[in-house]
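For reference, the structure discussed in these notes is given below.
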Amino acid sequence: MWAISIYSSLTLDLSTKISEDFNIFSETNMSEHQHFYFSSYHLDSIPKEEPLRASYRAKALLQIFNGILLLADDLILDYDLQDINYLELDKWGHYDWSKHSVYKTNRELEYEELQEPFQSTLGRVEKYKKVPLDHKNRRHYLVDFFDYACKDEYVKEVLTLFILSKKDILFILINTTKIIETIEHDLEIINASSATEKIQLLSKEFQQAYKFFKDPKSKFSHFSNSEYGSGIFARHGTSDKKKYHDKDGNLLPLISFDDIDMNTRTLIYEWINYKLEADKGYRYLPVVIKKNFETLTLSAKDFKF
């Protein structure tokens with residue numbers, strides 16, 4: 001199997017979590033220094049002779065994993081894909097480690113692995129059949145959300161878009177808009193009337209975040225599309241048709257990127273929570289939101305399409 005070195009204060013806690021899709025474990029060297037590694041069932045099909053493919057797939061998986069971490073906190077796993085390890089059992093039943101240094105690039109291969117980093121789960125059951133399904137450490141949002149990314153194309157896409165917007169702030173408005181549209185598609189929201197009906201099924205926290213983006217008073221769509229509003233971050237290039245002013249010609253208030261980030265996190269987290277509850281009958285507590293929202297009264301006029 002492939003193992004990627006990771007660095008974070010989270011690793012000791014994460015190493016106790018049980019998942020069919022990822023594993024975080026530690027090894028202690030001769031100097032009694034503990035090293036942590038990320039491995040995944042979805043890397044197992046890659047042969048030892050393809051370290052570059054392994055590094056690209058591991059990168060895609062870790063991006064999704066970090067996207068999940070960032071929904072609830074600002075800590076992520078740091079990693080170095082220039083040095084990856086292949087582990088295989090020797091005749092004594094111990095792992096033989098071989099380190100691979102990856103310095104070349106292949107954009108087509110990277111694109112391929114980013115598109116689909118998950119392999120079929122058909123063989124996963126046999127490998128993990130000894131893991132008790134009711135194990136207390138299974139009940140963790142990281143485990144459940146990563147599992148959803150594996151089996152749900154929309155969740156995988158949204159988490160990837162989210163982490164990329166965190167890695168480079170230039171993507172924040174483009175990717176946030178794509179995230180909103182993907183979630184709307186998944187929830188079958190096609191107009192203001194269907195939005196009113198559909199989001200009533202989700203949590204109050206989701207409703208608040210959704211209103212932040214879709215309420216006409218928020219002007220998010222106008223702000224994100226107009227260079228006059230969001231500058232270089234705008235989803236479109238310079239255009240005289242994309243002014244960011246009210247009917248009297250006054251510049252509209254700018255929207256805080258912190259508010260956009262906070263509401264995007266909530267929107268994604270509560271959307272996956274909704275899917276989880278429908279599927280498994282339980283959900284996780286909402287992410288703590290520090291900003292106070294106004295009381296909601298929802299109707300079709302609250303949403304802009």
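Chain labels A, B, ... are given in the sequence in which chains occur in the structure tokens; within each chain residues are numbered consecutively from 1, and ligands are likewise numbered from 1 in the order shown.
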Exercise: Ser5 (chain A) partners within 9 Å, only C-alpha atoms, chain neighbours under 2 positions left out, as a list in words =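 What passes the distance filter is Ala3, Tyr7, His35, Phe36, Tyr37, Phe38, Asp78, Tyr79, Asp80, Leu81, Asp83, Ile84 and Asn85 of chain A.
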Each residue of region 114-231 of chain A lying at most 8 Å from region 274-280 of chain A should get a row with its shortest atom-to-atom pair and the distance in Å to one decimal, counting only C-alpha atoms; could you produce that, ordered by chain and increasing number, as JSON lines?
```
{"residue": "A:Asp144", "atom": "CA", "partner": "A:Leu276", "partner_atom": "CA", "distance": 7.7}
{"residue": "A:Leu202", "atom": "CA", "partner": "A:Tyr274", "partner_atom": "CA", "distance": 6.3}
{"residue": "A:Ser203", "atom": "CA", "partner": "A:Tyr274", "partner_atom": "CA", "distance": 7.7}
```
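Excluding Leu114 (chain A) itself and any same-chain residue fewer than 5 positions from it, the protein and nucleic acid residues within 8 Å of it, counting only C-alpha atoms, are Tyr56, Arg57 and Ala60 of chain A.
If only C-alpha atoms are the atoms counted, then among A:Arg107, A:Lys219, A:Arg265, A:Lys156 the closest residue to Phe206 (chain A) is A:Arg265.
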Taking the chain letters and numbering used in this document, name the residues of region 30-218 of chain A that DSSP puts in helix (DSSP H, G or I), as JSON, numbers by chain.
-> {"A": [41, 42, 43, 51, 52, 53, 54, 55, 56, 57, 58, 59, 60, 61, 62, 63, 64, 65, 66, 67, 68, 69, 70, 71, 72, 107, 108, 109, 110, 111, 112, 113, 114, 115, 124, 125, 126, 127, 128, 136, 137, 138, 141, 142, 143, 144, 145, 146, 147, 148, 149, 150, 151, 153, 154, 155, 156, 157, 158, 159, 160, 161, 162, 163, 164, 165, 166, 167, 169, 170, 171, 172, 173, 174, 175, 176, 177, 178, 179, 180, 181, 182, 183, 184, 185, 186, 192, 193, 194, 195, 196, 197, 198, 199, 204, 205, 206, 207, 208, 209, 210, 211, 212, 213, 214, 216, 217, 218]}
